[in-house]
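Below: final-v9.txt (compact mmCIF, C-alpha atoms)
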# COMPACT_ATOMS: atom_id res chain seq x y z
CA MET A 1 -28.83 -7.72 26.07
CA ASN A 2 -25.76 -9.95 26.40
CA GLU A 3 -22.60 -7.83 26.80
CA GLY A 4 -20.79 -9.63 23.98
CA VAL A 5 -23.66 -9.04 21.55
CA GLN A 6 -23.78 -5.39 22.59
CA VAL A 7 -20.03 -4.97 21.94
CA LEU A 8 -20.38 -6.77 18.57
CA LEU A 9 -23.26 -4.50 17.51
CA ASN A 10 -21.44 -1.40 18.74
CA TYR A 11 -18.34 -2.11 16.64
CA MET A 12 -20.44 -3.20 13.66
CA LEU A 13 -22.71 -0.13 13.67
CA SER A 14 -22.19 2.84 15.97
CA GLU A 15 -18.37 2.57 16.05
CA ASN A 16 -17.96 1.34 12.50
CA VAL A 17 -14.30 1.61 11.50
CA MET A 18 -15.15 2.56 7.92
CA LEU A 19 -17.64 5.38 8.43
CA VAL A 20 -17.49 6.49 12.06
CA SER A 21 -13.75 6.11 12.75
CA PHE A 22 -12.87 6.88 9.10
CA PHE A 23 -10.01 4.38 8.95
CA GLY A 24 -11.39 2.55 5.91
CA VAL A 25 -12.37 5.54 3.81
CA THR A 26 -9.34 5.35 1.52
CA LEU A 27 -10.18 1.74 0.73
CA LEU A 28 -13.82 2.62 0.00
CA LEU A 29 -12.84 5.41 -2.38
CA THR A 30 -10.19 3.49 -4.29
CA GLU A 31 -11.60 -0.06 -4.47
CA THR A 32 -14.66 0.60 -6.60
CA GLU A 33 -15.37 -2.77 -8.15
CA GLY A 34 -18.97 -3.62 -9.12
CA ALA A 35 -21.60 -4.56 -6.55
CA ARG A 36 -21.59 -8.26 -7.49
CA ALA A 37 -17.80 -8.57 -7.23
CA ALA A 38 -17.89 -6.66 -3.94
CA MET A 39 -19.88 -9.45 -2.30
CA LYS A 40 -16.81 -11.67 -2.67
CA GLY A 41 -14.16 -8.95 -2.35
CA GLY A 42 -15.77 -7.64 0.81
CA LEU A 43 -15.46 -11.08 2.38
CA VAL A 44 -11.70 -11.07 1.75
CA PHE A 45 -11.25 -7.62 3.30
CA ALA A 46 -13.58 -8.35 6.22
CA THR A 47 -11.80 -11.63 7.05
CA ALA A 48 -8.40 -9.95 6.85
CA VAL A 49 -9.56 -7.13 9.14
CA LEU A 50 -11.18 -9.55 11.60
CA VAL A 51 -8.10 -11.79 11.89
CA SER A 52 -5.57 -8.93 11.97
CA THR A 53 -7.59 -6.99 14.55
CA LEU A 54 -7.85 -10.02 16.81
CA VAL A 55 -4.18 -11.02 16.44
CA GLY A 56 -2.86 -7.45 16.69
CA THR A 57 -4.92 -6.60 19.76
CA LEU A 58 -3.92 -9.80 21.56
CA LEU A 59 -0.26 -9.28 20.63
CA ALA A 60 -0.34 -5.68 21.87
CA THR A 61 -1.84 -6.83 25.17
CA ALA A 62 0.67 -9.64 25.61
CA LEU A 63 3.83 -7.75 24.59
CA PRO A 64 5.58 -5.59 27.16
CA GLY A 65 7.17 -2.29 26.08
CA GLY A 66 4.45 0.32 25.58
CA GLU A 67 3.15 2.11 22.54
CA VAL A 68 6.23 1.79 20.30
CA ILE A 69 6.17 -2.03 20.48
CA GLU A 70 2.39 -1.95 20.06
CA MET A 71 2.68 0.13 16.88
CA LEU A 72 5.38 -2.19 15.53
CA ALA A 73 3.15 -5.20 16.21
CA PHE A 74 0.23 -3.51 14.45
CA LEU A 75 2.38 -2.74 11.42
CA VAL A 76 3.79 -6.27 11.15
CA VAL A 77 0.33 -7.84 11.49
CA SER A 78 -1.10 -5.36 8.95
CA LEU A 79 1.64 -6.06 6.41
CA LEU A 80 1.04 -9.81 6.80
CA ALA A 81 -2.70 -9.24 6.30
CA VAL A 82 -2.02 -7.15 3.18
CA SER A 83 0.22 -9.93 1.83
CA ALA A 84 -2.60 -12.43 2.42
CA ILE A 85 -5.10 -10.17 0.63
CA ARG A 86 -2.69 -9.78 -2.31
CA ALA A 87 -2.22 -13.55 -2.44
CA GLY A 88 -6.01 -13.77 -2.89
CA GLY A 89 -5.75 -11.55 -5.99
CA ARG A 90 -6.93 -8.26 -4.42
CA LEU A 91 -5.06 -4.97 -3.87
CA THR A 92 -2.86 -5.50 -6.90
CA GLY A 93 -1.53 -2.73 -9.14
CA GLU A 94 -1.75 0.98 -8.42
CA ARG A 95 -4.46 3.44 -7.43
CA LEU A 96 -3.87 7.20 -8.01
CA GLY A 97 -0.19 6.52 -8.55
CA LEU A 98 0.45 4.54 -5.36
CA PRO A 99 0.64 0.78 -4.70
CA ALA A 100 -2.90 -0.42 -3.86
CA PRO A 101 -1.93 -2.16 -0.56
CA LEU A 102 -1.08 1.21 1.01
CA TYR A 103 -4.75 2.15 1.00
CA ALA A 104 -5.64 -0.77 3.27
CA LEU A 105 -3.04 0.09 5.93
CA PRO A 106 -5.02 2.84 7.77
CA LEU A 107 -7.96 0.43 8.11
CA LEU A 108 -5.86 -2.49 9.35
CA VAL A 109 -3.65 -0.52 11.76
CA GLY A 110 -6.50 1.74 12.90
CA SER A 111 -8.79 -1.18 13.79
CA GLN A 112 -6.10 -2.75 15.95
CA ALA A 113 -5.29 0.56 17.66
CA LEU A 114 -8.99 1.21 18.32
CA LEU A 115 -9.55 -2.16 19.99
CA THR A 116 -6.32 -2.03 21.98
CA GLN A 117 -7.36 1.38 23.31
CA ALA A 118 -10.69 -0.10 24.42
CA SER A 119 -8.85 -2.58 26.76
CA LEU A 120 -11.46 -5.34 26.58
CA ASP A 121 -10.99 -8.87 27.93
CA PHE A 122 -10.56 -11.78 25.46
CA PRO A 123 -14.22 -12.80 24.89
CA LEU A 124 -15.23 -9.17 24.37
CA THR A 125 -12.19 -8.52 22.14
CA PHE A 126 -13.29 -11.46 20.01
CA ALA A 127 -16.86 -10.10 19.83
CA ALA A 128 -15.51 -6.64 18.96
CA ALA A 129 -13.24 -8.06 16.22
CA VAL A 130 -16.19 -9.94 14.70
CA GLY A 131 -18.20 -6.69 14.88
CA VAL A 132 -15.40 -4.77 13.12
CA GLY A 133 -15.20 -7.44 10.38
CA LEU A 134 -18.97 -7.47 9.84
CA GLY A 135 -19.04 -3.67 9.82
CA VAL A 136 -16.32 -3.59 7.14
CA TYR A 137 -18.22 -6.12 5.00
CA ILE A 138 -21.58 -4.34 5.22
CA VAL A 139 -20.17 -0.89 4.47
CA TYR A 140 -17.91 -2.16 1.67
CA VAL A 141 -20.78 -3.88 -0.14
CA LEU A 142 -23.16 -0.94 0.41
CA SER A 143 -20.55 1.56 -0.73
CA THR A 144 -19.65 -0.27 -3.95
CA SER A 145 -23.35 -0.77 -4.72
CA MET A 146 -24.01 2.93 -4.20
CA PHE A 147 -21.03 3.87 -6.39
CA GLU A 148 -22.25 1.59 -9.18
CA GLN A 149 -25.69 3.17 -8.97
CA ILE A 150 -24.21 6.68 -8.97
CA ARG A 151 -22.17 5.86 -12.07
CA LEU A 152 -25.31 4.76 -13.92
CA THR A 153 -27.38 7.74 -12.84
CA GLU A 154 -27.86 10.65 -15.23
CA THR A 155 -26.81 13.72 -13.28
CA ARG A 156 -24.46 16.69 -13.61
CA SER A 157 -20.79 15.74 -13.80
CA VAL A 158 -19.99 18.15 -10.94
CA VAL A 159 -21.86 15.92 -8.50
CA LYS A 160 -21.44 12.55 -10.19
CA GLY A 161 -18.94 10.04 -8.83
CA VAL A 162 -16.93 10.63 -5.67
CA PRO A 163 -18.79 13.72 -4.28
CA ALA A 164 -22.17 11.98 -4.46
CA LEU A 165 -20.68 8.84 -2.90
CA ILE A 166 -19.10 10.84 -0.06
CA ILE A 167 -22.34 12.61 0.81
CA ALA A 168 -24.22 9.30 0.65
CA LEU A 169 -21.61 7.71 2.95
CA GLY A 170 -22.01 10.64 5.36
CA ILE A 171 -25.74 10.08 5.57
CA LEU A 172 -25.14 6.34 6.02
CA GLY A 173 -22.63 7.17 8.78
CA PHE A 174 -25.24 9.22 10.63
CA ALA A 175 -27.69 6.33 10.36
CA LEU A 176 -25.10 3.96 11.86
CA MET A 177 -24.27 6.38 14.69
CA GLY A 178 -27.96 6.38 15.58
CA PHE A 179 -27.59 2.81 16.84
CA GLN A 180 -25.70 4.10 19.89
CA LEU A 181 -28.99 3.86 21.75
CA LEU A 182 -28.73 0.07 21.75
CA MET B 1 -6.09 23.38 -15.53
CA ASN B 2 -6.24 20.30 -13.36
CA LEU B 3 -7.27 21.91 -10.07
CA SER B 4 -10.15 19.57 -9.44
CA SER B 5 -8.14 16.34 -9.58
CA THR B 6 -5.25 17.67 -7.46
CA PHE B 7 -7.68 18.94 -4.89
CA GLU B 8 -9.66 15.70 -4.86
CA LYS B 9 -6.47 13.73 -4.53
CA ALA B 10 -5.52 15.73 -1.44
CA LEU B 11 -8.96 15.16 0.03
CA ILE B 12 -9.12 11.45 -0.71
CA LEU B 13 -5.56 10.55 0.21
CA GLY B 14 -4.96 12.94 3.06
CA ALA B 15 -7.94 14.53 4.66
CA TYR B 16 -10.42 11.68 4.95
CA PRO B 17 -8.37 9.27 7.04
CA LEU B 18 -7.64 12.07 9.53
CA LEU B 19 -11.03 13.70 9.82
CA ALA B 20 -12.31 11.54 12.64
CA LEU B 21 -9.73 13.15 14.93
CA THR B 22 -9.77 16.73 13.74
CA VAL B 23 -12.93 18.07 15.29
CA THR B 24 -11.13 21.09 16.77
CA ALA B 25 -8.65 23.56 15.28
CA TYR B 26 -5.87 22.35 17.63
CA GLU B 27 -6.44 18.73 16.62
CA ALA B 28 -6.41 19.70 12.94
CA THR B 29 -3.14 21.63 13.38
CA ALA B 30 -1.49 18.73 15.24
CA ALA B 31 -2.58 16.13 12.67
CA THR B 32 -1.52 18.32 9.74
CA ALA B 33 1.90 19.01 11.27
CA ILE B 34 2.52 15.31 11.96
CA VAL B 35 1.53 14.28 8.44
CA ILE B 36 3.70 16.91 6.78
CA ILE B 37 6.75 16.08 8.92
CA ALA B 38 6.25 12.34 8.35
CA ALA B 39 5.84 12.92 4.60
CA VAL B 40 8.99 15.03 4.27
CA LEU B 41 11.14 12.64 6.30
CA ALA B 42 9.75 9.57 4.54
CA TRP B 43 10.46 11.25 1.20
CA LEU B 44 14.05 11.99 2.24
CA THR B 45 14.43 8.37 3.36
CA THR B 46 13.18 7.19 -0.03
CA LEU B 47 15.65 9.43 -1.84
CA TRP B 48 18.45 8.10 0.31
CA LEU B 49 17.42 4.47 -0.10
CA ARG B 50 16.52 4.61 -3.79
CA SER B 51 19.77 3.08 -4.97
CA LEU B 52 20.32 0.77 -1.99
CA ILE B 53 17.05 -1.11 -1.55
CA PRO B 54 14.86 -2.75 -4.23
CA GLU B 55 11.28 -1.50 -4.81
CA PRO B 56 9.07 -3.77 -2.61
CA LEU B 57 11.42 -3.54 0.40
CA ARG B 58 11.69 0.22 -0.02
CA TRP B 59 7.97 0.60 0.59
CA LEU B 60 8.24 -1.43 3.79
CA VAL B 61 11.02 0.86 5.04
CA VAL B 62 9.01 3.96 4.13
CA VAL B 63 5.93 2.62 5.94
CA ALA B 64 8.02 1.87 9.03
CA VAL B 65 9.74 5.29 8.98
CA SER B 66 6.53 7.28 8.54
CA ALA B 67 4.72 5.23 11.20
CA ALA B 68 7.58 5.75 13.65
CA ILE B 69 7.62 9.52 13.04
CA ALA B 70 3.85 9.75 13.44
CA LEU B 71 3.97 7.69 16.63
CA GLY B 72 6.60 10.04 18.06
CA GLY B 73 4.57 13.04 16.92
CA GLY B 74 1.40 11.57 18.41
CA LEU B 75 3.10 11.11 21.76
CA LEU B 76 4.64 14.62 21.69
CA ALA B 77 1.56 16.47 20.43
CA PRO B 78 -0.33 16.62 23.77
CA PHE B 79 2.65 18.53 25.24
CA LEU B 80 2.46 21.15 22.46
CA PHE B 81 -1.31 21.42 21.94
CA PRO B 82 -4.23 21.09 24.38
CA LEU B 83 -5.35 17.63 23.20
CA SER B 84 -7.07 14.75 24.94
CA THR B 85 -4.89 11.71 25.67
CA ALA B 86 -7.33 9.51 23.74
CA ILE B 87 -6.26 11.18 20.52
CA THR B 88 -2.60 10.09 20.62
CA THR B 89 -3.32 6.60 19.30
CA ARG B 90 -5.24 8.05 16.40
CA LEU B 91 -2.53 10.59 15.65
CA ALA B 92 -0.07 7.71 15.44
CA VAL B 93 -2.10 6.35 12.52
CA ALA B 94 -1.58 9.70 10.74
CA GLY B 95 1.81 8.48 9.51
CA ILE B 96 0.27 5.75 7.42
CA THR B 97 -2.29 7.91 5.65
CA PRO B 98 -1.56 7.56 1.95
CA ILE B 99 -0.75 11.24 1.42
CA VAL B 100 2.53 10.57 3.20
CA PHE B 101 3.42 8.13 0.47
CA ILE B 102 2.74 10.61 -2.32
CA ALA B 103 6.04 12.16 -1.35
CA CYS B 104 7.70 8.81 -1.96
CA VAL B 105 6.28 8.14 -5.41
CA THR B 106 9.22 7.65 -7.72
CA ASP B 107 7.41 8.91 -10.81
CA GLU B 108 9.23 12.12 -11.76
CA ARG B 109 6.12 13.68 -13.31
CA GLU B 110 4.22 13.09 -10.09
CA THR B 111 6.97 14.52 -7.92
CA ARG B 112 7.41 17.69 -9.99
CA GLY B 113 3.85 18.57 -10.94
CA GLY B 114 1.64 17.14 -8.25
CA ILE B 115 3.22 17.15 -4.86
CA VAL B 116 3.28 20.84 -3.90
CA PRO B 117 -0.31 21.74 -4.90
CA THR B 118 -1.52 18.47 -3.36
CA PHE B 119 0.12 19.20 -0.02
CA ILE B 120 -1.02 22.85 -0.03
CA SER B 121 -4.59 21.71 -0.72
CA PHE B 122 -4.27 19.16 2.08
CA VAL B 123 -3.07 21.74 4.63
CA VAL B 124 -5.74 24.29 3.67
CA VAL B 125 -8.55 21.72 3.79
CA MET B 126 -7.44 20.28 7.13
CA LEU B 127 -7.14 23.69 8.81
CA VAL B 128 -10.37 25.10 7.36
CA ALA B 129 -12.23 21.88 8.23
CA GLY B 130 -10.88 22.01 11.79
CA LEU B 131 -11.84 25.67 12.26
CA LEU B 132 -15.30 25.36 10.73
CA ARG B 133 -16.15 22.10 12.45
CA GLU B 134 -15.07 23.41 15.84
CA ALA B 135 -17.04 26.64 15.36
CA LEU B 136 -20.17 24.97 14.02
CA GLY B 137 -20.01 21.71 15.95
CA ASN B 138 -18.78 22.83 19.37
CA GLY B 139 -19.48 26.59 19.38
CA THR B 140 -15.81 27.27 20.18
CA LEU B 141 -12.69 28.43 18.33
CA PHE B 142 -9.31 27.26 19.64
CA LEU B 143 -11.30 26.06 22.68
CA ARG B 144 -12.65 29.59 23.36
CA GLN B 145 -16.39 29.96 23.41
CA ILE B 146 -17.71 32.03 20.50
CA THR B 147 -21.47 31.54 20.76
CA ALA B 148 -23.33 33.55 23.38
CA SER B 149 -25.17 30.69 25.01
CA GLY B 150 -22.40 28.12 24.56
CA THR B 151 -24.55 26.02 22.26
CA ALA B 152 -23.34 24.59 18.96
CA VAL B 153 -24.79 26.10 15.79
CA ALA B 154 -24.73 22.74 13.99
CA GLY B 155 -23.71 20.02 16.41
CA ILE B 156 -23.80 17.52 13.56
CA MET B 157 -20.58 19.02 12.15
CA GLY B 158 -18.71 18.13 15.32
CA THR B 159 -19.23 14.41 14.71
CA PRO B 160 -16.76 12.46 12.56
CA THR B 161 -19.39 11.71 9.95
CA GLY B 162 -20.26 15.42 9.69
CA ALA B 163 -16.93 15.74 7.93
CA PHE B 164 -18.24 13.64 5.06
CA LEU B 165 -20.87 16.28 4.31
CA PHE B 166 -18.36 19.11 4.66
CA LEU B 167 -15.87 17.52 2.27
CA GLY B 168 -18.51 16.31 -0.18
CA ALA B 169 -19.70 19.90 -0.47
CA THR B 170 -16.08 21.16 -0.69
CA MET B 171 -15.40 18.76 -3.56
CA ILE B 172 -18.48 19.96 -5.46
CA VAL B 173 -17.43 23.61 -4.98
CA ALA B 174 -13.89 22.76 -6.19
CA ARG B 175 -15.28 21.06 -9.30
CA LEU B 176 -17.52 24.05 -10.03
CA ALA B 177 -14.55 26.40 -9.58
CA ALA B 178 -12.37 24.26 -11.86
CA ARG B 179 -15.10 24.16 -14.49
CA ARG B 180 -15.48 27.95 -14.31
CA LEU B 181 -11.71 28.45 -14.66
CA VAL B 182 -11.64 26.20 -17.72
CA ALA B 183 -14.62 28.09 -19.18
CA ASP B 184 -12.89 31.43 -18.52
CA ASP B 185 -9.67 30.17 -20.17
CA THR B 186 -11.60 28.94 -23.21
CA ALA B 187 -13.53 32.22 -23.47
CA GLY B 188 -10.29 34.18 -23.14
CA GLU B 189 -8.60 32.14 -25.87
CA ALA B 190 -11.62 32.55 -28.20
CA HIS B 191 -11.61 36.32 -27.58
CA THR B 192 -7.87 36.54 -28.39
CA LEU B 193 -8.37 34.52 -31.58
CA GLN B 194 -11.24 36.77 -32.69
CA ARG B 195 -9.15 39.91 -32.09
CA GLY B 196 -6.30 38.34 -34.04
CA LYS B 197 -8.56 37.68 -37.05
CA ARG B 198 -9.79 41.29 -37.03

Output the structure of this file as structure tokens.
Amino acid sequence: MNEGVQVLLNYMLSENVMLVSFFGVTLLLTETEGARAAMKGGLVFATAVLVSTLVGTLLATALPGGEVIEMLAFLVVSLLAVSAIRAGGRLTGERLGLPAPLYALPLLVGSQALLTQASLDFPLTFAAAVGVGLGVYIVYVLSTSMFEQIRLTETRSVVKGVPALIIALGILGFALMGFQLL
Amino acid sequence: MNLSSTFEKALILGAYPLLALTVTAYEATAATAIVIIAAVLAWLTTLWLRSLIPEPLRWLVVVAVSAAIALGGGLLAPFLFPLSTAITTRLAVAGITPIVFIACVTDERETRGGIVPTFISFVVVMLVAGLLREALGNGTLFLRQITASGTAVAGIMGTPTGAFLFLGATMIVARLAARRLVADDTAGEAHTLQRGKR
């Protein structure tokens, strides 16, 4: 298999930033729009993650000064990405008493840190960033669909909602980790 | 009694983003310490800046402060705990987990009623998750072997996604406990009322 395709599949499945690295979990648990709306909303988040991951990783590689400058670059890129998402009408208002954009920061910063740590060359970084973006989209759409289904299901209130979603995401995470054999 | 929601808030906002890196008890302790220090200092910064900087800019400053503290903590942690160097980058992200920002919420009701139980729940969950996942997933406790053959009892718990199952189950137990407490309170009140009537 082509190395670029392998890297793309790895970051999309077995090293998925949402379920395997956990960086996107806060976003999954707070952005619970319906499945149909998630098809469009997921595209916005996935594009933002793809672009910010690519830009942040390249910036971190190009800038001298070590981890402090890297972290600063990640933060600036992430805040710009959040502003772009907000301009598109997403991440507005509050979730659980906090501004919604804060929930996207672990995903955006974490993705950049993960790829910088991998120290890939440019073509592979690009493939990895595309893999991260696709992984975010797939998991976001699946997660919102599952949550919608869980909400409609008749079951005990103790299990209904977030606990059922979390266990379902765990099982989905195991399935994704299984692709490490690629 | 609002135990369930406070507990769930601590899980959702604090524990989940950090669970990928807290497979051992040492990692859990390091991550918890960094988050708490970052939260307290970011909260103090917010208090200090409340009258000086308008709302949207204040959040930017808080994000920068907490990220800087977590980065410093992430770089220092391997000198204090036996951690792998690969974990430092992930620990640096600890400062931007949303639980840090709970401390900075300006809502007075939130600050008085929610912050202490939320942080206590967060610390307990992180430490228990670290201990249990290390014991079940790696067969060690604080890096000391505890199983006779050195094999893991449930290797699945040592993986990041194993934490999903652990916390899903924890959340269900918390909801059951909260429901039982409410039922006990209601039964107690009904009993008192009946005695009063007699």

Name all residues at most 10 Å from region 133-148 of chain A (count all atoms listed in the file; drop same-chain ones fewer than 6 positions away) and give them as number ranges by chain.
A: 8-19, 24-25, 27-29, 31-53, 107, 111, 127, 160-162, 164-166, 168-169, 172-173, 176

Please, what distance in Å, to one decimal, runs between CA of Glu3 (chain A) and CA of Val130 (chain A)?
13.9 Å

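Selected on chain A by distance to chain B: A:Val20, A:Ser21, A:Phe22, A:Phe23, A:Val158, A:Pro163, A:Ile166, A:Ile167, A:Gly170, A:Gly173 (within 6 Å, counting all atoms listed in the file).
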
For CA of Leu181 (chain B) and CA of Val123 (chain B), determine how far apart the two atoms are, in Å to one decimal place.
22.2 Å

Please compute the CA of Ala10 (chain B)-CA of Thr29 (chain B) distance, one decimal, in Å.
16.1 Å
